[in-house]
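Note: the block below is my_file_27.pdb and it holds PDB, C-alpha atoms, pLDDT in the B column.
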ATOM      1  CA  MET A   1       0.000   0.000   0.000  1.00 44.00           C
ATOM      2  CA  THR A   2       1.482   3.355  -0.975  1.00 44.00           C
ATOM      3  CA  ALA A   3       1.756   6.363   1.297  1.00 43.00           C
ATOM      4  CA  THR A   4      -0.538   8.212  -1.088  1.00 53.00           C
ATOM      5  CA  ASN A   5      -3.285   5.671  -0.471  1.00 69.00           C
ATOM      6  CA  THR A   6      -3.069   5.954   3.287  1.00 74.00           C
ATOM      7  CA  GLN A   7      -3.021   9.771   3.114  1.00 86.00           C
ATOM      8  CA  GLN A   8      -6.571   9.897   1.747  1.00 94.00           C
ATOM      9  CA  ARG A   9      -9.114  11.734   3.849  1.00 97.00           C
ATOM     10  CA  VAL A  10     -11.307   8.963   5.267  1.00 98.00           C
ATOM     11  CA  VAL A  11     -14.483   9.940   7.122  1.00 98.00           C
ATOM     12  CA  ILE A  12     -17.030   7.850   9.003  1.00 97.00           C
ATOM     13  CA  ILE A  13     -20.324   9.741   8.956  1.00 96.00           C
ATOM     14  CA  ASP A  14     -21.330  10.184  12.596  1.00 93.00           C
ATOM     15  CA  THR A  15     -24.759   8.556  12.629  1.00 88.00           C
ATOM     16  CA  GLY A  16     -24.620   8.110  16.413  1.00 82.00           C
ATOM     17  CA  CYS A  17     -24.893   4.330  16.090  1.00 77.00           C
ATOM     18  CA  ALA A  18     -23.047   1.753  18.138  1.00 71.00           C
ATOM     19  CA  ASN A  19     -20.682   0.237  15.574  1.00 80.00           C
ATOM     20  CA  VAL A  20     -18.814   3.448  14.664  1.00 91.00           C
ATOM     21  CA  SER A  21     -15.783   2.616  16.848  1.00 91.00           C
ATOM     22  CA  SER A  22     -15.369  -0.943  15.516  1.00 93.00           C
ATOM     23  CA  VAL A  23     -15.481   0.344  11.919  1.00 95.00           C
ATOM     24  CA  ARG A  24     -12.933   2.991  12.837  1.00 96.00           C
ATOM     25  CA  PHE A  25     -10.528   0.481  14.406  1.00 96.00           C
ATOM     26  CA  ALA A  26     -10.813  -1.780  11.337  1.00 97.00           C
ATOM     27  CA  ILE A  27      -9.799   1.127   9.049  1.00 97.00           C
ATOM     28  CA  GLU A  28      -6.991   2.273  11.373  1.00 97.00           C
ATOM     29  CA  ARG A  29      -5.553  -1.265  11.442  1.00 97.00           C
ATOM     30  CA  LEU A  30      -5.005  -0.891   7.671  1.00 97.00           C
ATOM     31  CA  GLY A  31      -2.817   2.172   8.296  1.00 96.00           C
ATOM     32  CA  TYR A  32      -5.345   4.919   7.501  1.00 97.00           C
ATOM     33  CA  GLN A  33      -6.255   7.918   9.631  1.00 96.00           C
ATOM     34  CA  VAL A  34      -9.987   8.315  10.131  1.00 97.00           C
ATOM     35  CA  GLU A  35     -12.285  11.144  11.182  1.00 97.00           C
ATOM     36  CA  VAL A  36     -15.755  10.604  12.635  1.00 96.00           C
ATOM     37  CA  SER A  37     -17.849  13.639  11.732  1.00 96.00           C
ATOM     38  CA  LYS A  38     -21.228  15.008  10.736  1.00 95.00           C
ATOM     39  CA  ASP A  39     -19.791  18.403   9.763  1.00 96.00           C
ATOM     40  CA  PRO A  40     -20.778  19.098   6.117  1.00 96.00           C
ATOM     41  CA  GLU A  41     -17.376  20.604   5.290  1.00 97.00           C
ATOM     42  CA  VAL A  42     -15.537  17.536   6.592  1.00 97.00           C
ATOM     43  CA  VAL A  43     -17.955  15.057   4.977  1.00 97.00           C
ATOM     44  CA  LEU A  44     -17.913  16.716   1.543  1.00 97.00           C
ATOM     45  CA  ALA A  45     -14.097  17.051   1.558  1.00 97.00           C
ATOM     46  CA  ALA A  46     -13.568  13.306   2.202  1.00 98.00           C
ATOM     47  CA  ASP A  47     -12.008  10.983  -0.374  1.00 98.00           C
ATOM     48  CA  LYS A  48     -13.809   7.920   1.037  1.00 98.00           C
ATOM     49  CA  LEU A  49     -16.820   7.735   3.352  1.00 98.00           C
ATOM     50  CA  PHE A  50     -18.417   5.087   5.532  1.00 98.00           C
ATOM     51  CA  LEU A  51     -22.079   5.058   6.625  1.00 97.00           C
ATOM     52  CA  PRO A  52     -22.456   2.564   9.481  1.00 94.00           C
ATOM     53  CA  GLY A  53     -25.780   1.573  10.996  1.00 88.00           C
ATOM     54  CA  VAL A  54     -27.280  -0.756  13.586  1.00 85.00           C
ATOM     55  CA  GLY A  55     -30.816  -0.924  14.973  1.00 86.00           C
ATOM     56  CA  THR A  56     -34.018  -0.349  13.014  1.00 89.00           C
ATOM     57  CA  ALA A  57     -34.551   1.689   9.872  1.00 91.00           C
ATOM     58  CA  SER A  58     -37.115   3.922  11.583  1.00 90.00           C
ATOM     59  CA  GLU A  59     -34.697   4.852  14.410  1.00 90.00           C
ATOM     60  CA  ALA A  60     -31.782   5.301  12.003  1.00 91.00           C
ATOM     61  CA  MET A  61     -33.675   7.580   9.600  1.00 93.00           C
ATOM     62  CA  GLN A  62     -34.907   9.627  12.576  1.00 91.00           C
ATOM     63  CA  ASN A  63     -31.286   9.916  13.724  1.00 91.00           C
ATOM     64  CA  LEU A  64     -30.130  11.069  10.270  1.00 93.00           C
ATOM     65  CA  GLN A  65     -32.902  13.675  10.136  1.00 94.00           C
ATOM     66  CA  GLN A  66     -32.089  15.003  13.627  1.00 93.00           C
ATOM     67  CA  ARG A  67     -28.411  15.308  12.653  1.00 92.00           C
ATOM     68  CA  ASP A  68     -29.219  17.027   9.301  1.00 94.00           C
ATOM     69  CA  LEU A  69     -27.535  14.172   7.459  1.00 95.00           C
ATOM     70  CA  VAL A  70     -30.195  13.148   4.926  1.00 96.00           C
ATOM     71  CA  SER A  71     -29.485  15.830   2.314  1.00 96.00           C
ATOM     72  CA  LEU A  72     -25.768  15.769   3.171  1.00 97.00           C
ATOM     73  CA  VAL A  73     -25.394  12.062   2.344  1.00 97.00           C
ATOM     74  CA  LYS A  74     -27.211  12.684  -0.960  1.00 97.00           C
ATOM     75  CA  GLN A  75     -24.652  15.394  -1.886  1.00 97.00           C
ATOM     76  CA  VAL A  76     -21.664  13.055  -1.594  1.00 98.00           C
ATOM     77  CA  THR A  77     -19.821  12.530  -4.906  1.00 97.00           C
ATOM     78  CA  LYS A  78     -16.931  10.386  -3.637  1.00 98.00           C
ATOM     79  CA  PRO A  79     -17.204   6.631  -2.901  1.00 98.00           C
ATOM     80  CA  LEU A  80     -19.377   5.901   0.146  1.00 98.00           C
ATOM     81  CA  LEU A  81     -19.786   2.469   1.766  1.00 98.00           C
ATOM     82  CA  GLY A  82     -22.929   1.737   3.774  1.00 98.00           C
ATOM     83  CA  ILE A  83     -22.487  -1.083   6.303  1.00 97.00           C
ATOM     84  CA  CYS A  84     -25.330  -3.382   7.455  1.00 96.00           C
ATOM     85  CA  LEU A  85     -28.262  -1.043   8.211  1.00 95.00           C
ATOM     86  CA  GLY A  86     -26.192   1.696   6.546  1.00 96.00           C
ATOM     87  CA  MET A  87     -26.534  -0.265   3.291  1.00 97.00           C
ATOM     88  CA  GLN A  88     -30.291  -0.699   3.760  1.00 97.00           C
ATOM     89  CA  LEU A  89     -30.696   3.058   4.269  1.00 97.00           C
ATOM     90  CA  LEU A  90     -29.414   3.568   0.699  1.00 97.00           C
ATOM     91  CA  GLY A  91     -32.629   1.953  -0.588  1.00 97.00           C
ATOM     92  CA  LYS A  92     -35.999   3.522  -1.364  1.00 96.00           C
ATOM     93  CA  GLU A  93     -37.867   2.316   1.702  1.00 96.00           C
ATOM     94  CA  SER A  94     -37.833  -0.279   4.462  1.00 95.00           C
ATOM     95  CA  GLN A  95     -40.445  -2.424   6.180  1.00 91.00           C
ATOM     96  CA  GLU A  96     -38.370  -2.308   9.374  1.00 88.00           C
ATOM     97  CA  HIS A  97     -40.341  -0.195  11.802  1.00 78.00           C
ATOM     98  CA  GLY A  98     -39.552  -1.021  15.429  1.00 56.00           C
ATOM     99  CA  GLN A  99     -41.046  -4.312  16.625  1.00 56.00           C
ATOM    100  CA  ASN A 100     -44.216  -4.496  14.557  1.00 57.00           C
ATOM    101  CA  GLY A 101     -42.902  -3.985  11.033  1.00 54.00           C
ATOM    102  CA  SER A 102     -46.257  -2.624   9.886  1.00 68.00           C
ATOM    103  CA  GLU A 103     -45.189   0.769   8.566  1.00 80.00           C
ATOM    104  CA  ILE A 104     -43.079   1.545   5.485  1.00 91.00           C
ATOM    105  CA  ILE A 105     -40.116   3.835   6.295  1.00 94.00           C
ATOM    106  CA  PRO A 106     -38.863   6.122   3.506  1.00 95.00           C
ATOM    107  CA  CYS A 107     -35.066   5.812   3.230  1.00 96.00           C
ATOM    108  CA  LEU A 108     -32.397   7.753   1.296  1.00 97.00           C
ATOM    109  CA  ASP A 109     -33.588   6.551  -2.142  1.00 96.00           C
ATOM    110  CA  LEU A 110     -30.054   6.314  -3.541  1.00 96.00           C
ATOM    111  CA  CYS A 111     -30.698   2.904  -5.068  1.00 95.00           C
ATOM    112  CA  ASP A 112     -33.899   1.550  -6.524  1.00 93.00           C
ATOM    113  CA  ALA A 113     -34.664  -1.290  -4.102  1.00 95.00           C
ATOM    114  CA  SER A 114     -36.894  -1.777  -1.084  1.00 95.00           C
ATOM    115  CA  VAL A 115     -35.848  -3.528   2.132  1.00 96.00           C
ATOM    116  CA  GLU A 116     -38.138  -6.375   3.159  1.00 95.00           C
ATOM    117  CA  LYS A 117     -38.305  -8.959   5.937  1.00 94.00           C
ATOM    118  CA  ILE A 118     -36.315 -12.069   4.994  1.00 96.00           C
ATOM    119  CA  GLN A 119     -38.476 -15.028   4.000  1.00 95.00           C
ATOM    120  CA  ALA A 120     -36.292 -17.418   5.996  1.00 94.00           C
ATOM    121  CA  GLU A 121     -38.273 -20.613   5.185  1.00 92.00           C
ATOM    122  CA  GLY A 122     -38.286 -21.782   8.799  1.00 94.00           C
ATOM    123  CA  LEU A 123     -34.721 -20.727   9.602  1.00 97.00           C
ATOM    124  CA  PRO A 124     -34.335 -18.537  12.725  1.00 96.00           C
ATOM    125  CA  LEU A 125     -34.358 -14.735  12.441  1.00 96.00           C
ATOM    126  CA  PRO A 126     -32.279 -12.684  12.757  1.00 96.00           C
ATOM    127  CA  HIS A 127     -29.905 -14.245  10.241  1.00 98.00           C
ATOM    128  CA  MET A 128     -26.892 -14.138  12.530  1.00 98.00           C
ATOM    129  CA  GLY A 129     -23.418 -15.545  12.015  1.00 98.00           C
ATOM    130  CA  TRP A 130     -21.077 -16.511   9.194  1.00 98.00           C
ATOM    131  CA  ASN A 131     -22.301 -17.014   5.636  1.00 98.00           C
ATOM    132  CA  THR A 132     -20.720 -17.186   2.195  1.00 98.00           C
ATOM    133  CA  ILE A 133     -21.484 -14.693  -0.555  1.00 97.00           C
ATOM    134  CA  THR A 134     -21.475 -14.862  -4.357  1.00 96.00           C
ATOM    135  CA  PRO A 135     -19.857 -11.686  -5.725  1.00 96.00           C
ATOM    136  CA  GLU A 136     -20.137 -10.352  -9.255  1.00 93.00           C
ATOM    137  CA  ASP A 137     -17.173 -11.459 -11.382  1.00 91.00           C
ATOM    138  CA  ASN A 138     -14.199  -9.082 -11.301  1.00 94.00           C
ATOM    139  CA  HIS A 139     -15.873  -6.415  -9.163  1.00 97.00           C
ATOM    140  CA  PRO A 140     -13.064  -4.314  -7.597  1.00 98.00           C
ATOM    141  CA  LEU A 141     -14.740  -4.385  -4.161  1.00 98.00           C
ATOM    142  CA  PHE A 142     -14.085  -8.159  -4.033  1.00 98.00           C
ATOM    143  CA  LYS A 143     -10.585  -8.153  -5.550  1.00 98.00           C
ATOM    144  CA  SER A 144      -8.401 -11.005  -4.186  1.00 97.00           C
ATOM    145  CA  ILE A 145     -11.212 -12.288  -1.922  1.00 96.00           C
ATOM    146  CA  PRO A 146     -11.478 -16.035  -2.654  1.00 89.00           C
ATOM    147  CA  ALA A 147     -14.812 -17.498  -3.755  1.00 82.00           C
ATOM    148  CA  GLY A 148     -16.593 -19.074  -0.809  1.00 88.00           C
ATOM    149  CA  SER A 149     -15.183 -16.566   1.713  1.00 95.00           C
ATOM    150  CA  TYR A 150     -17.302 -16.149   4.844  1.00 98.00           C
ATOM    151  CA  PHE A 151     -18.637 -12.820   6.143  1.00 98.00           C
ATOM    152  CA  TYR A 152     -20.441 -12.025   9.407  1.00 98.00           C
ATOM    153  CA  PHE A 153     -24.151 -11.111   9.191  1.00 98.00           C
ATOM    154  CA  VAL A 154     -26.729  -9.888  11.740  1.00 97.00           C
ATOM    155  CA  HIS A 155     -30.070  -8.867  10.184  1.00 96.00           C
ATOM    156  CA  SER A 156     -33.735  -9.777   9.726  1.00 95.00           C
ATOM    157  CA  TYR A 157     -34.414  -7.502   6.735  1.00 96.00           C
ATOM    158  CA  ALA A 158     -32.716  -7.425   3.353  1.00 97.00           C
ATOM    159  CA  MET A 159     -32.857  -6.044  -0.180  1.00 97.00           C
ATOM    160  CA  PRO A 160     -33.938  -8.570  -2.809  1.00 96.00           C
ATOM    161  CA  VAL A 161     -31.467  -9.346  -5.592  1.00 96.00           C
ATOM    162  CA  PHE A 162     -31.968  -6.699  -8.303  1.00 94.00           C
ATOM    163  CA  ASP A 163     -30.235  -5.467 -11.433  1.00 88.00           C
ATOM    164  CA  HIS A 164     -30.821  -2.005 -12.827  1.00 74.00           C
ATOM    165  CA  THR A 165     -27.923  -0.298 -14.510  1.00 67.00           C
ATOM    166  CA  GLU A 166     -25.374   0.884 -11.994  1.00 61.00           C
ATOM    167  CA  GLN A 167     -26.058   4.582 -12.634  1.00 63.00           C
ATOM    168  CA  GLN A 168     -29.853   4.195 -12.869  1.00 70.00           C
ATOM    169  CA  GLY A 169     -30.990   2.776  -9.582  1.00 88.00           C
ATOM    170  CA  GLY A 170     -28.056   0.491  -8.859  1.00 94.00           C
ATOM    171  CA  LYS A 171     -27.664  -3.283  -8.798  1.00 96.00           C
ATOM    172  CA  THR A 172     -26.720  -6.262  -6.650  1.00 96.00           C
ATOM    173  CA  ILE A 173     -22.950  -6.856  -6.828  1.00 96.00           C
ATOM    174  CA  ALA A 174     -22.963  -9.831  -4.410  1.00 96.00           C
ATOM    175  CA  SER A 175     -25.735 -12.115  -3.194  1.00 96.00           C
ATOM    176  CA  ALA A 176     -26.128 -14.512  -0.261  1.00 97.00           C
ATOM    177  CA  GLN A 177     -28.600 -17.228   0.640  1.00 97.00           C
ATOM    178  CA  TYR A 178     -30.643 -17.619   3.815  1.00 98.00           C
ATOM    179  CA  GLY A 179     -33.998 -19.216   3.062  1.00 96.00           C
ATOM    180  CA  GLN A 180     -34.004 -16.948  -0.003  1.00 96.00           C
ATOM    181  CA  SER A 181     -31.406 -15.146  -2.096  1.00 97.00           C
ATOM    182  CA  PHE A 182     -30.823 -11.569  -0.983  1.00 98.00           C
ATOM    183  CA  THR A 183     -28.451  -8.712  -1.789  1.00 98.00           C
ATOM    184  CA  ALA A 184     -25.204  -9.005   0.190  1.00 98.00           C
ATOM    185  CA  ALA A 185     -23.604  -6.016  -1.568  1.00 98.00           C
ATOM    186  CA  VAL A 186     -24.953  -3.233  -3.769  1.00 97.00           C
ATOM    187  CA  GLN A 187     -23.625  -0.441  -5.966  1.00 96.00           C
ATOM    188  CA  SER A 188     -25.414   2.617  -7.315  1.00 95.00           C
ATOM    189  CA  GLY A 189     -22.918   5.034  -8.875  1.00 95.00           C
ATOM    190  CA  ASN A 190     -20.525   6.168  -6.125  1.00 97.00           C
ATOM    191  CA  TYR A 191     -22.688   4.570  -3.400  1.00 97.00           C
ATOM    192  CA  TYR A 192     -21.754   1.062  -2.262  1.00 98.00           C
ATOM    193  CA  GLY A 193     -23.268  -1.043   0.491  1.00 98.00           C
ATOM    194  CA  VAL A 194     -22.608  -4.358   2.230  1.00 98.00           C
ATOM    195  CA  GLN A 195     -25.239  -6.177   4.293  1.00 98.00           C
ATOM    196  CA  PHE A 196     -22.600  -7.995   6.354  1.00 98.00           C
ATOM    197  CA  HIS A 197     -20.177  -6.461   8.871  1.00 97.00           C
ATOM    198  CA  PRO A 198     -16.723  -6.318   7.207  1.00 98.00           C
ATOM    199  CA  GLU A 199     -15.260  -4.932  10.449  1.00 97.00           C
ATOM    200  CA  ARG A 200     -16.253  -8.233  12.128  1.00 96.00           C
ATOM    201  CA  SER A 201     -15.428 -10.522   9.182  1.00 98.00           C
ATOM    202  CA  SER A 202     -11.780 -11.354   9.839  1.00 97.00           C
ATOM    203  CA  LYS A 203      -9.318 -11.346   6.885  1.00 97.00           C
ATOM    204  CA  ALA A 204     -11.967 -11.267   4.142  1.00 98.00           C
ATOM    205  CA  GLY A 205     -13.639  -8.254   5.777  1.00 98.00           C
ATOM    206  CA  ALA A 206     -10.332  -6.421   6.193  1.00 98.00           C
ATOM    207  CA  LYS A 207      -9.522  -7.076   2.529  1.00 98.00           C
ATOM    208  CA  LEU A 208     -12.914  -5.710   1.453  1.00 98.00           C
ATOM    209  CA  ILE A 209     -12.378  -2.502   3.461  1.00 98.00           C
ATOM    210  CA  GLN A 210      -8.919  -2.177   1.922  1.00 98.00           C
ATOM    211  CA  ASN A 211     -10.366  -2.710  -1.588  1.00 98.00           C
ATOM    212  CA  PHE A 212     -12.940   0.022  -0.949  1.00 98.00           C
ATOM    213  CA  LEU A 213     -10.251   2.422   0.271  1.00 98.00           C
ATOM    214  CA  GLU A 214      -8.204   1.675  -2.848  1.00 97.00           C
ATOM    215  CA  LEU A 215     -11.078   2.122  -5.357  1.00 96.00           C
TER
END
Starting from the file, lay out its structure as structure tokens.
Amino acid sequence: MTATNTQQRVVIIDTGCANVSSVRFAIERLGYQVEVSKDPEVVLAADKLFLPGVGTASEAMQNLQQRDLVSLVKQVTKPLLGICLGMQLLGKESQEHGQNGSEIIPCLDLCDASVEKIQAEGLPLPHMGWNTITPEDNHPLFKSIPAGSYFYFVHSYAMPVFDHTEQQGGKTIASAQYGQSFTAAVQSGNYYGVQFHPERSSKAGAKLIQNFLEL
């Protein structure tokens, strides 16, 4: 890794959620300096951005609104990686509303997919633990990550597998299977998302974060 790479300005958008510090440590272990910020000047000056998220879509969108982050995230022109719920927030809407799941939550609408409860076919929810993914051939986000690599998931809701053009609504760039196929990673222009937790996914997760930082 060159010095130039590690001198990029890397920012984790401060969503106030619990996994910010673990994402930060995972990036720092790769030799990068990281800022955690919700300041528009800092966010818009970043070379690479991370949007972490845990909890429910309704709480997370409320958090983003309270922190004036909704329009800010939509202004980003550099690569941004949404992690877990952070990926789901990139979609149009989510069924995940607190405990009852009866209300549709509008999300950031940066990719043309809705987030729905997993049809787990009798398997326990949440889908929690290690699972393999099937990435798109030759996608730079999955460079040098062997087929059949395991990543760590914790979720009950997911985007279906979908394929619009990358610039027009985005597409699935990796899928996984848990009762049904679902989107494990997505790209819509400069917005990327992963349903799993790369910061908790050992060597494969570290390599994915490195690949994103080197895009």
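Checking A:Tyr178, A:Phe25, A:Phe142, A:Phe162 one by one against A:Lys117, counting all atoms listed in the file, you find the shortest gap at A:Tyr178.
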**OP:** Would you work out the distance separating atom CA of A:Gln8 from atom CA of A:Gln88, expressed in Å to one decimal?
**Re:** 26.1 Å
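With all atoms listed in the file as the basis for measurement, A:Cys111 is the residue among A:Val23, A:Leu215, A:Val11, A:Cys111 that approaches A:Lys171 most closely.
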**OP:** Take atom CA of A:Thr183 and atom CA of A:Val115 and report the distance between them in Å, one decimal.
**Re:** 9.8 Å
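Interatomic distance, atom CA of A:Thr134 against atom CA of A:Lys48: 24.6 Å.
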